Every structure is written in C-alpha cells, then in structure tokens.
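Here is the file model_38.pdb (PDB, C-alpha atoms and all ligand atoms).
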MODEL        1
ATOM      1  CA  MET L 260     -40.344  83.807  -5.761
ATOM      2  CA  SER L 261     -42.427  84.276  -2.646
ATOM      3  CA  GLU L 262     -40.663  85.125   0.601
ATOM      4  CA  SER L 263     -43.905  85.683   2.421
ATOM      5  CA  VAL L 264     -45.043  82.084   2.644
ATOM      6  CA  LYS L 265     -43.659  79.904   5.415
ATOM      7  CA  VAL L 266     -43.188  76.237   4.484
ATOM      8  CA  PHE L 267     -41.929  73.644   6.918
ATOM      9  CA  MET L 268     -41.550  69.926   7.378
ATOM     10  CA  GLY L 269     -41.245  68.428  10.842
ATOM     11  CA  GLY L 270     -40.137  64.940  11.753
ATOM     12  CA  THR L 271     -37.918  62.879  13.964
ATOM     13  CA  PHE L 272     -35.330  62.759  11.157
ATOM     14  CA  ASP L 273     -33.724  59.754  12.804
ATOM     15  CA  PRO L 274     -31.778  60.057  10.539
ATOM     16  CA  ILE L 275     -32.726  62.555   7.834
ATOM     17  CA  HIS L 276     -32.632  60.890   4.400
ATOM     18  CA  ASN L 277     -33.087  61.623   0.708
ATOM     19  CA  GLY L 278     -36.847  60.953   0.899
ATOM     20  CA  HIS L 279     -37.170  63.941   3.252
ATOM     21  CA  LEU L 280     -34.736  66.121   1.338
ATOM     22  CA  ARG L 281     -36.100  65.482  -2.130
ATOM     23  CA  THR L 282     -39.664  66.026  -0.863
ATOM     24  CA  ALA L 283     -38.731  69.360   0.691
ATOM     25  CA  LEU L 284     -36.891  70.530  -2.431
ATOM     26  CA  GLU L 285     -39.636  69.519  -4.861
ATOM     27  CA  ILE L 286     -42.263  71.268  -2.721
ATOM     28  CA  GLN L 287     -40.078  74.389  -2.491
ATOM     29  CA  GLN L 288     -39.905  74.504  -6.278
ATOM     30  CA  TRP L 289     -43.592  73.750  -6.785
ATOM     31  CA  LEU L 290     -44.731  76.426  -4.332
ATOM     32  CA  GLY L 291     -42.145  78.892  -5.649
ATOM     33  CA  VAL L 292     -40.991  79.812  -2.147
ATOM     34  CA  LYS L 293     -37.484  80.804  -1.159
ATOM     35  CA  GLN L 294     -36.900  78.151   1.463
ATOM     36  CA  VAL L 295     -38.375  75.144   3.209
ATOM     37  CA  THR L 296     -37.615  74.719   6.905
ATOM     38  CA  LEU L 297     -36.787  71.258   8.238
ATOM     39  CA  MET L 298     -37.521  70.926  11.918
ATOM     40  CA  PRO L 299     -36.451  67.917  13.974
ATOM     41  CA  SER L 300     -38.621  67.227  17.002
ATOM     42  CA  LYS L 301     -37.388  66.433  20.475
ATOM     43  CA  THR L 302     -36.823  62.740  21.143
ATOM     44  CA  PRO L 303     -40.312  61.280  21.130
ATOM     45  CA  VAL L 304     -41.262  59.553  24.354
ATOM     46  CA  HIS L 305     -42.391  56.384  22.589
ATOM     47  CA  ARG L 306     -39.007  55.702  20.961
ATOM     48  CA  LYS L 307     -36.808  52.991  22.440
ATOM     49  CA  SER L 308     -33.087  53.292  23.129
ATOM     50  CA  PRO L 309     -30.489  53.598  21.732
ATOM     51  CA  GLU L 310     -31.717  57.115  21.314
ATOM     52  CA  ARG L 311     -30.138  59.636  19.057
ATOM     53  CA  SER L 312     -30.424  62.888  20.904
ATOM     54  CA  GLY L 313     -32.263  65.867  19.520
ATOM     55  CA  GLN L 314     -28.896  67.556  19.130
ATOM     56  CA  GLN L 315     -27.518  64.672  17.045
ATOM     57  CA  ARG L 316     -30.598  64.595  14.809
ATOM     58  CA  LEU L 317     -30.371  68.371  14.442
ATOM     59  CA  ASP L 318     -26.647  68.066  13.591
ATOM     60  CA  MET L 319     -27.542  65.593  10.845
ATOM     61  CA  VAL L 320     -30.245  67.880   9.431
ATOM     62  CA  ARG L 321     -27.755  70.753   9.411
ATOM     63  CA  LEU L 322     -25.156  68.646   7.597
ATOM     64  CA  ALA L 323     -27.779  67.520   5.082
ATOM     65  CA  VAL L 324     -28.804  71.061   4.124
ATOM     66  CA  ALA L 325     -25.407  72.761   4.457
ATOM     67  CA  ASP L 326     -24.898  73.111   0.702
ATOM     68  CA  GLU L 327     -28.531  73.749  -0.287
ATOM     69  CA  GLN L 328     -29.810  77.301   0.066
ATOM     70  CA  ALA L 329     -33.417  76.262  -0.493
ATOM     71  CA  LEU L 330     -33.462  74.159   2.682
ATOM     72  CA  VAL L 331     -32.829  75.350   6.223
ATOM     73  CA  ALA L 332     -32.769  73.658   9.635
ATOM     74  CA  ASP L 333     -34.789  75.022  12.564
ATOM     75  CA  GLU L 334     -33.627  74.170  16.067
ATOM     76  CA  ARG L 335     -36.619  75.469  18.010
ATOM     77  CA  GLU L 336     -38.200  72.152  18.966
ATOM     78  CA  VAL L 337     -34.900  70.497  19.867
ATOM     79  CA  ILE L 338     -33.743  73.326  22.136
ATOM     80  CA  SER L 339     -37.167  73.936  23.664
ATOM     81  CA  ALA L 340     -37.647  72.998  27.303
ATOM     82  CA  ASP L 341     -41.042  71.549  26.407
ATOM     83  CA  ASP L 342     -42.027  68.392  24.566
ATOM     84  CA  SER L 343     -42.604  68.839  20.826
ATOM     85  CA  TYR L 344     -46.158  69.533  19.781
ATOM     86  CA  THR L 345     -46.781  70.763  16.268
ATOM     87  CA  VAL L 346     -49.626  72.989  17.405
ATOM     88  CA  LEU L 347     -47.261  74.827  19.786
ATOM     89  CA  THR L 348     -44.670  75.213  17.026
ATOM     90  CA  LEU L 349     -47.329  76.646  14.738
ATOM     91  CA  GLU L 350     -48.377  79.075  17.447
ATOM     92  CA  SER L 351     -44.771  80.212  17.749
ATOM     93  CA  PHE L 352     -44.631  80.735  13.954
ATOM     94  CA  ARG L 353     -47.841  82.769  14.183
ATOM     95  CA  ARG L 354     -46.360  84.949  16.948
ATOM     96  CA  GLU L 355     -43.414  85.669  14.634
ATOM     97  CA  LEU L 356     -45.261  86.029  11.339
ATOM     98  CA  GLY L 357     -48.675  87.340  12.340
ATOM     99  CA  LEU L 358     -52.009  85.993  11.183
ATOM    100  CA  GLN L 359     -51.914  86.844   7.478
ATOM    101  CA  ILE L 360     -48.828  85.046   6.154
ATOM    102  CA  PRO L 361     -49.652  81.636   4.654
ATOM    103  CA  ILE L 362     -48.004  78.760   6.495
ATOM    104  CA  CYS L 363     -47.746  75.342   4.807
ATOM    105  CA  MET L 364     -46.900  72.180   6.697
ATOM    106  CA  ILE L 365     -45.587  69.304   4.577
ATOM    107  CA  LEU L 366     -46.725  65.865   5.705
ATOM    108  CA  GLY L 367     -46.172  62.453   4.181
ATOM    109  CA  MET L 368     -49.313  60.409   3.686
ATOM    110  CA  ASP L 369     -48.583  58.306   6.792
ATOM    111  CA  ALA L 370     -48.251  61.380   8.979
ATOM    112  CA  TYR L 371     -51.393  62.958   7.490
ATOM    113  CA  LEU L 372     -53.516  59.880   8.152
ATOM    114  CA  SER L 373     -52.285  59.785  11.764
ATOM    115  CA  LEU L 374     -53.381  63.354  12.532
ATOM    116  CA  PRO L 375     -56.245  62.367  14.873
ATOM    117  CA  GLN L 376     -53.564  61.091  17.284
ATOM    118  CA  TRP L 377     -51.875  64.488  17.446
ATOM    119  CA  ASP L 378     -52.414  66.940  20.274
ATOM    120  CA  ARG L 379     -55.102  69.572  19.507
ATOM    121  CA  TRP L 380     -55.150  68.281  15.937
ATOM    122  CA  LEU L 381     -58.386  69.971  14.968
ATOM    123  CA  GLU L 382     -56.710  73.348  15.518
ATOM    124  CA  LEU L 383     -53.899  72.664  13.052
ATOM    125  CA  LEU L 384     -55.837  73.831   9.995
ATOM    126  CA  THR L 385     -56.714  77.092  11.730
ATOM    127  CA  LEU L 386     -52.973  77.772  11.890
ATOM    128  CA  CYS L 387     -51.656  76.390   8.581
ATOM    129  CA  HIS L 388     -52.339  74.617   5.306
ATOM    130  CA  ILE L 389     -51.276  71.016   4.935
ATOM    131  CA  VAL L 390     -49.423  69.791   1.850
ATOM    132  CA  VAL L 391     -49.764  66.013   1.736
ATOM    133  CA  VAL L 392     -47.206  64.057  -0.258
ATOM    134  CA  LYS L 393     -47.771  60.522  -1.392
ATOM    135  CA  ARG L 394     -45.303  58.040  -0.025
ATOM    136  CA  PRO L 395     -44.604  54.630  -1.578
ATOM    137  CA  GLY L 396     -46.240  51.950   0.507
ATOM    138  CA  TRP L 397     -48.887  54.256   1.951
ATOM    139  CA  ILE L 398     -52.310  54.148   0.365
ATOM    140  CA  TYR L 399     -54.865  56.860   1.011
ATOM    141  CA  GLU L 400     -57.294  55.081   3.306
ATOM    142  CA  PRO L 401     -58.636  57.765   5.640
ATOM    143  CA  CYS L 402     -60.597  57.023   8.790
ATOM    144  CA  GLU L 403     -64.006  58.686   9.030
ATOM    145  CA  GLN L 404     -62.602  61.765  10.766
ATOM    146  CA  MET L 405     -59.883  62.241   8.180
ATOM    147  CA  GLN L 406     -62.307  61.724   5.325
ATOM    148  CA  ARG L 407     -64.343  64.593   6.760
ATOM    149  CA  ILE L 408     -61.236  66.782   6.998
ATOM    150  CA  SER L 409     -60.372  66.046   3.369
ATOM    151  CA  ASP L 410     -63.969  66.684   2.233
ATOM    152  CA  GLU L 411     -64.116  70.034   4.026
ATOM    153  CA  HIS L 412     -60.608  71.343   3.413
ATOM    154  CA  GLU L 413     -59.177  69.787   0.255
ATOM    155  CA  THR L 414     -58.379  71.991  -2.716
ATOM    156  CA  ASP L 415     -56.367  71.525  -5.880
ATOM    157  CA  ASP L 416     -55.982  75.272  -6.383
ATOM    158  CA  LEU L 417     -52.456  76.280  -5.460
ATOM    159  CA  ASP L 418     -53.269  79.989  -5.725
ATOM    160  CA  ILE L 419     -55.793  79.701  -2.914
ATOM    161  CA  VAL L 420     -53.175  78.065  -0.742
ATOM    162  CA  LEU L 421     -50.653  80.790  -1.468
ATOM    163  CA  GLN L 422     -53.133  83.596  -0.824
ATOM    164  CA  LYS L 423     -54.912  82.441   2.321
ATOM    165  CA  PRO L 424     -53.086  82.053   5.638
ATOM    166  CA  ALA L 425     -54.432  78.611   6.576
ATOM    167  CA  GLY L 426     -57.251  76.133   6.250
ATOM    168  CA  HIS L 427     -56.637  73.973   3.156
ATOM    169  CA  VAL L 428     -55.303  70.521   2.413
ATOM    170  CA  ILE L 429     -53.597  70.015  -0.933
ATOM    171  CA  PHE L 430     -52.246  66.688  -2.204
ATOM    172  CA  ARG L 431     -49.110  66.546  -4.317
ATOM    173  CA  GLU L 432     -47.479  63.667  -6.124
ATOM    174  CA  LEU L 433     -43.682  63.844  -6.181
ATOM    175  CA  THR L 434     -40.843  61.630  -7.317
ATOM    176  CA  PRO L 435     -41.646  58.496  -5.300
ATOM    177  CA  LEU L 436     -38.772  57.529  -3.025
ATOM    178  CA  GLY L 437     -39.481  54.509  -0.861
ATOM    179  CA  ILE L 438     -36.861  55.410   1.719
ATOM    180  CA  SER L 439     -37.517  55.385   5.455
ATOM    181  CA  ALA L 440     -35.370  56.097   8.486
ATOM    182  CA  THR L 441     -36.420  52.692   9.843
ATOM    183  CA  GLN L 442     -34.901  50.997   6.788
ATOM    184  CA  ILE L 443     -31.662  52.967   7.229
ATOM    185  CA  ARG L 444     -31.401  52.105  10.948
ATOM    186  CA  GLU L 445     -31.977  48.434  10.131
ATOM    187  CA  LEU L 446     -29.337  48.402   7.398
ATOM    188  CA  ILE L 447     -26.744  49.922   9.738
ATOM    189  CA  ARG L 448     -27.634  47.564  12.589
ATOM    190  CA  ASP L 449     -27.255  44.702  10.127
ATOM    191  CA  GLY L 450     -23.785  45.837   9.082
ATOM    192  CA  ARG L 451     -24.913  46.968   5.643
ATOM    193  CA  SER L 452     -24.297  50.302   3.987
ATOM    194  CA  PRO L 453     -27.176  52.808   3.654
ATOM    195  CA  ARG L 454     -25.117  54.870   1.214
ATOM    196  CA  TYR L 455     -27.080  56.785  -1.458
ATOM    197  CA  LEU L 456     -30.262  56.656   0.643
ATOM    198  CA  LEU L 457     -29.009  59.656   2.610
ATOM    199  CA  PRO L 458     -26.349  62.358   2.102
ATOM    200  CA  ASP L 459     -22.746  61.192   2.495
ATOM    201  CA  ALA L 460     -22.170  63.884   5.144
ATOM    202  CA  VAL L 461     -24.922  62.343   7.291
ATOM    203  CA  TRP L 462     -23.594  58.815   6.778
ATOM    204  CA  ASP L 463     -20.096  60.012   7.780
ATOM    205  CA  TYR L 464     -21.542  61.592  10.951
ATOM    206  CA  ILE L 465     -23.314  58.329  11.810
ATOM    207  CA  LYS L 466     -20.068  56.394  11.430
ATOM    208  CA  GLN L 467     -17.999  58.914  13.383
ATOM    209  CA  ASN L 468     -20.460  58.946  16.261
ATOM    210  CA  ARG L 469     -21.251  55.224  16.035
ATOM    211  CA  LEU L 470     -24.985  55.840  15.906
ATOM    212  CA  TYR L 471     -27.618  53.168  15.330
ATOM    213  CA  ASN L 472     -25.311  50.453  16.710
ATOM    214  CA  PHE L 473     -22.866  51.124  13.900
ATOM    215  CA  GLU L 474     -19.892  48.843  14.369
ATOM    216  CA  GLN L 475     -18.359  48.075  11.048
ATOM    217  CA  LEU L 476     -19.732  47.232   7.699
ATOM    218  CA  ASN L 477     -20.184  43.614   6.929
ATOM    219  CA  GLU L 478     -19.307  43.955   3.263
ATOM    220  CA  GLY L 479     -19.724  40.242   2.575
ATOM    221  CA  LYS L 480     -23.430  40.230   3.421
TER
HETATM  222  P1  LIG L 501     -39.272  56.304  10.639
HETATM  223  O1  LIG L 501     -38.984  55.225   9.617
HETATM  224  O2  LIG L 501     -38.295  56.362  11.772
HETATM  225  O3  LIG L 501     -40.707  56.322  11.083
HETATM  226  P2  LIG L 501     -39.480  58.317   8.535
HETATM  227  O4  LIG L 501     -38.546  57.907   7.446
HETATM  228  O5  LIG L 501     -40.944  58.063   8.332
HETATM  229  O6  LIG L 501     -39.001  57.715   9.913
HETATM  230  P3  LIG L 501     -39.933  60.869   9.822
HETATM  231  O7  LIG L 501     -38.868  61.720  10.402
HETATM  232  O8  LIG L 501     -40.830  60.135  10.736
HETATM  233  O9  LIG L 501     -39.213  59.843   8.779
HETATM  234  O10 LIG L 501     -40.805  61.692   8.760
HETATM  235  C1  LIG L 501     -40.928  63.095   8.758
HETATM  236  C2  LIG L 501     -41.895  63.475   7.646
HETATM  237  O11 LIG L 501     -41.354  63.092   6.379
HETATM  238  C3  LIG L 501     -43.261  62.773   7.733
HETATM  239  O12 LIG L 501     -44.260  63.693   7.313
HETATM  240  C4  LIG L 501     -43.120  61.633   6.748
HETATM  241  O13 LIG L 501     -44.362  61.213   6.227
HETATM  242  C5  LIG L 501     -42.268  62.274   5.651
HETATM  243  N1  LIG L 501     -41.464  61.303   4.910
HETATM  244  C6  LIG L 501     -40.565  60.441   5.396
HETATM  245  N2  LIG L 501     -40.009  59.707   4.428
HETATM  246  C7  LIG L 501     -40.577  60.102   3.265
HETATM  247  C8  LIG L 501     -40.418  59.694   1.888
HETATM  248  N3  LIG L 501     -39.586  58.722   1.536
HETATM  249  N4  LIG L 501     -41.175  60.328   0.964
HETATM  250  C9  LIG L 501     -42.056  61.315   1.322
HETATM  251  N5  LIG L 501     -42.239  61.737   2.609
HETATM  252  C10 LIG L 501     -41.513  61.139   3.568
ENDMDL
END

In structure tokens, what does this structure look like?
Amino acid sequence: MSESVKVFMGGTFDPIHNGHLRTALEIQQWLGVKQVTLMPSKTPVHRKSPERSGQQRLDMVRLAVADEQALVADEREVISADDSYTVLTLESFRRELGLQIPICMILGMDAYLSLPQWDRWLELLTLCHIVVVKRPGWIYEPCEQMQRISDEHETDDLDIVLQKPAGHVIFRELTPLGISATQIRELIRDGRSPRYLLPDAVWDYIKQNRLYNFEQLNEGK
C-alpha cells in the first residue's frame, strides 16, 4: 500500500454525500493508497444564500469520515484567508511533498469538463494527475480545448500514474451513484428526507443546525 502518493478530492461538499464518499473510497482501493483527502473549498462567491459556512461544510466532512481510516478531511482551504483556487492548493501540496511525489486529483466528469473555467487551469497537469470518474447524467462531451487535453494527457496505464509526479489524465468507471448535493438540498427544502443518500451523522448535523431551510419533515408528501 503506497503512502507516497497523495490523492485528494476537492468540492463544495454542500453537503457531502455518499456519491463523494463512495467515489473516494473506491479510488483509494483502486490506487492502493493509504488515504484519500477530502477538501471542502471556501464558500464560492457564486453561491446564493442561505450559505452553509466553510466551517459547517468542513464539520460535515469530518463527521462523514470519522469512522473511516481511508478517508481524511483537510481544512486548509476553509481556514485560508484567501479564496479557494485548486492551483494554489496544489502548490501548497508541492511545497510540503516536493516535486517527485505523485499527486492525483479526483474529479467527477462534470468538474473535469469545466476545467477551462478554472483559474490557471493549464498549469494543473504540471502539478498533478487527474483521475476522472464518470457520473450518472454526465456524458463525455469535451469542448475543443478539453479534447486536446485528453488527447495529449490521457493514459490507461495506472503504473505510469503511480510512478510519475504529474501530467496524466486517467478515466475510471466506478459504482454509479446518481446523487448530488443539489438533490439533497432540494429534498430538505421540500420537507422530504434525504436519508441513505448521505451518512446519518451528516443528516443529524443538518437537522440540529437547521441547514438548508430544514424545518420539519413532511412525512405525508
Ligand atoms: P452540487 O449539486 O451542489 O453542484 P455536487 O453533488 O456536484 O454538488 P460537489 O461538492 O460540487 O458536489 O462535487 C465535488 C466533486 O465530487 C466534483 O468533482 C464532482 O464531480 C464529484 N461528485 C459529486 N457527486 C458525485 C457522484 N455522485 N459521483 C461521482 N462524483 C461525484
């Protein structure tokens, strides 16, 4: 089991759900690494209120991974004074790990296809590999720029990914779970239970803190 490969998955995790958790665990097992890091971002500027703070989203990630040694929460983006930019996070990993350790960033298909909108996105593959996971509802329809990235960087050789520090894109099909945080927020707002889409500990936290306009469940609906 490799301890010298860094694997992480960023997101808003608003809230974290079983689609995130199962993805992270299956990738951890496939890569044979000790742990996958889950890293909530700061509250994105484009999100509307009511906003769950970075601290609340981090709390939920911590609750979700509390009993799973293979998954760990990272607070660095939430506690940072700066806005969250993946390229800056990767640079901070590189300062800690040096230039030789492979770093793998897990992205769902939707996030991968949106890369051209990310800050300094062309630098990302100089800092890490990208593991792209298929997500129900998202078809691989790359724009011209992303097609070029896939053509130049895609590999299906896991050994290359585990030996080189950065620079490859590898696609991986996992247990398909069509869960999204949007769906969970909508269920709660609608007075319906999101139970079994996310860990019970996270659902309890949402109820206790009355997040996502939680009032009370409308069991009759
Ligand atoms: P929202 O519905 O609020 O947009 P989300 O469910 O997509 O949220 P994010 O926190 O935005 O969750 O996602 C973080 C990362 O997890 C992204 O790379 C995203 O593609 C991936 N991801 C989210 N849900 C799934 C899922 N069900 N299966 C695989 N990957 C997922």

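Across the structure, CA of Asp333 (chain L) and atom O10 of ligand LIG 501 (chain L) are spaced 15.1 Å apart.
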
Item to check | Non-local contacts of Ala283 (chain L) (10 Å; all atoms listed in the file; under 4 positions in same chain excluded) as a PyMOL selection string | outcome: chain L and resi 266-268+277-279+287-289+294-297+329-330+365

Next on the checklist: Which residues would end up in the selection if the PyMOL selection byres (((not hetatm)) within 9 of (chain L and resi 501)) were applied here, given that I need the answer as a VMD selection string?
Outcome noted: chain L and resid 268 to 283 299 to 300 364 to 371 391 to 395 433 to 444

Item to check | Resolved residues for the PyMOL selection byres (((chain L and resi 423) around 9) and not hetatm) as number ranges by chain | outcome: L: 359-362, 388, 418-422, 424-427

Checklist entry - With distances taken over all atoms listed in the file, which of L:Leu284, L:Val292, L:Ala332, L:Val346 is nearest to Gln314 (chain L)? => result L:Ala332

Reconstruct region 382-417 of chain L at the level of N, CA and C atoms, and format the result as a tab-separated table (two decimals), in the coordinates of the input.
chain	number	residue	atom	x	y	z
L	382	GLU	N	-57.11	71.93	15.63
L	382	GLU	CA	-56.71	73.35	15.52
L	382	GLU	C	-55.66	73.58	14.44
L	383	LEU	N	-55.04	72.49	13.96
L	383	LEU	CA	-53.90	72.66	13.05
L	383	LEU	C	-54.27	73.47	11.81
L	384	LEU	N	-55.45	73.15	11.25
L	384	LEU	CA	-55.84	73.83	9.99
L	384	LEU	C	-56.32	75.27	10.21
L	385	THR	N	-56.45	75.66	11.47
L	385	THR	CA	-56.71	77.09	11.73
L	385	THR	C	-55.39	77.87	11.70
L	386	LEU	N	-54.30	77.13	11.81
L	386	LEU	CA	-52.97	77.77	11.89
L	386	LEU	C	-52.16	77.64	10.61
L	387	CYS	N	-52.47	76.62	9.79
L	387	CYS	CA	-51.66	76.39	8.58
L	387	CYS	C	-52.47	75.65	7.52
L	388	HIS	N	-51.88	75.56	6.33
L	388	HIS	CA	-52.34	74.62	5.31
L	388	HIS	C	-51.53	73.34	5.47
L	389	ILE	N	-52.04	72.27	4.92
L	389	ILE	CA	-51.28	71.02	4.93
L	389	ILE	C	-51.05	70.56	3.50
L	390	VAL	N	-49.79	70.35	3.16
L	390	VAL	CA	-49.42	69.79	1.85
L	390	VAL	C	-49.11	68.31	2.08
L	391	VAL	N	-49.93	67.45	1.50
L	391	VAL	CA	-49.76	66.01	1.74
L	391	VAL	C	-49.03	65.40	0.55
L	392	VAL	N	-47.94	64.71	0.83
L	392	VAL	CA	-47.21	64.06	-0.26
L	392	VAL	C	-47.39	62.55	-0.17
L	393	LYS	N	-47.61	61.97	-1.34
L	393	LYS	CA	-47.77	60.52	-1.39
L	393	LYS	C	-46.43	59.89	-1.05
L	394	ARG	N	-46.52	58.73	-0.43
L	394	ARG	CA	-45.30	58.04	-0.02
L	394	ARG	C	-45.44	56.58	-0.42
L	395	PRO	N	-44.46	56.02	-1.15
L	395	PRO	CA	-44.60	54.63	-1.58
L	395	PRO	C	-44.92	53.73	-0.39
L	396	GLY	N	-45.87	52.87	-0.57
L	396	GLY	CA	-46.24	51.95	0.51
L	396	GLY	C	-47.41	52.45	1.33
L	397	TRP	N	-47.78	53.70	1.17
L	397	TRP	CA	-48.89	54.26	1.95
L	397	TRP	C	-50.04	54.60	1.02
L	398	ILE	N	-51.14	53.90	1.20
L	398	ILE	CA	-52.31	54.15	0.36
L	398	ILE	C	-53.22	55.11	1.12
L	399	TYR	N	-53.94	55.91	0.37
L	399	TYR	CA	-54.86	56.86	1.01
L	399	TYR	C	-56.13	56.13	1.46
L	400	GLU	N	-56.12	55.74	2.74
L	400	GLU	CA	-57.29	55.08	3.31
L	400	GLU	C	-57.66	55.82	4.59
L	401	PRO	N	-58.37	56.94	4.46
L	401	PRO	CA	-58.64	57.76	5.64
L	401	PRO	C	-59.69	57.15	6.55
L	402	CYS	N	-59.53	57.37	7.86
L	402	CYS	CA	-60.60	57.02	8.79
L	402	CYS	C	-61.73	58.04	8.57
L	403	GLU	N	-62.84	57.82	9.25
L	403	GLU	CA	-64.01	58.69	9.03
L	403	GLU	C	-63.68	60.17	9.31
L	404	GLN	N	-62.94	60.38	10.40
L	404	GLN	CA	-62.60	61.76	10.77
L	404	GLN	C	-61.74	62.42	9.68
L	405	MET	N	-60.77	61.66	9.18
L	405	MET	CA	-59.88	62.24	8.18
L	405	MET	C	-60.59	62.43	6.84
L	406	GLN	N	-61.53	61.55	6.55
L	406	GLN	CA	-62.31	61.72	5.32
L	406	GLN	C	-63.07	63.05	5.39
L	407	ARG	N	-63.60	63.34	6.59
L	407	ARG	CA	-64.34	64.59	6.76
L	407	ARG	C	-63.42	65.80	6.59
L	408	ILE	N	-62.21	65.68	7.14
L	408	ILE	CA	-61.24	66.78	7.00
L	408	ILE	C	-60.92	67.02	5.52
L	409	SER	N	-60.69	65.90	4.80
L	409	SER	CA	-60.37	66.05	3.37
L	409	SER	C	-61.56	66.66	2.63
L	410	ASP	N	-62.78	66.17	2.92
L	410	ASP	CA	-63.97	66.68	2.23
L	410	ASP	C	-64.12	68.20	2.46
L	411	GLU	N	-63.86	68.63	3.68
L	411	GLU	CA	-64.12	70.03	4.03
L	411	GLU	C	-62.97	70.97	3.61
L	412	HIS	N	-61.76	70.44	3.56
L	412	HIS	CA	-60.61	71.34	3.41
L	412	HIS	C	-59.80	71.17	2.14
L	413	GLU	N	-60.05	70.06	1.40
L	413	GLU	CA	-59.18	69.79	0.26
L	413	GLU	C	-59.41	70.78	-0.88
L	414	THR	N	-58.31	71.17	-1.51
L	414	THR	CA	-58.38	71.99	-2.72
L	414	THR	C	-57.30	71.50	-3.67
L	415	ASP	N	-57.49	71.78	-4.97
L	415	ASP	CA	-56.37	71.53	-5.88
L	415	ASP	C	-55.89	72.84	-6.49
L	416	ASP	N	-56.33	73.95	-5.88
L	416	ASP	CA	-55.98	75.27	-6.38
L	416	ASP	C	-54.81	75.86	-5.56
L	417	LEU	N	-53.65	75.80	-6.17
L	417	LEU	CA	-52.46	76.28	-5.46
L	417	LEU	C	-52.54	77.77	-5.12
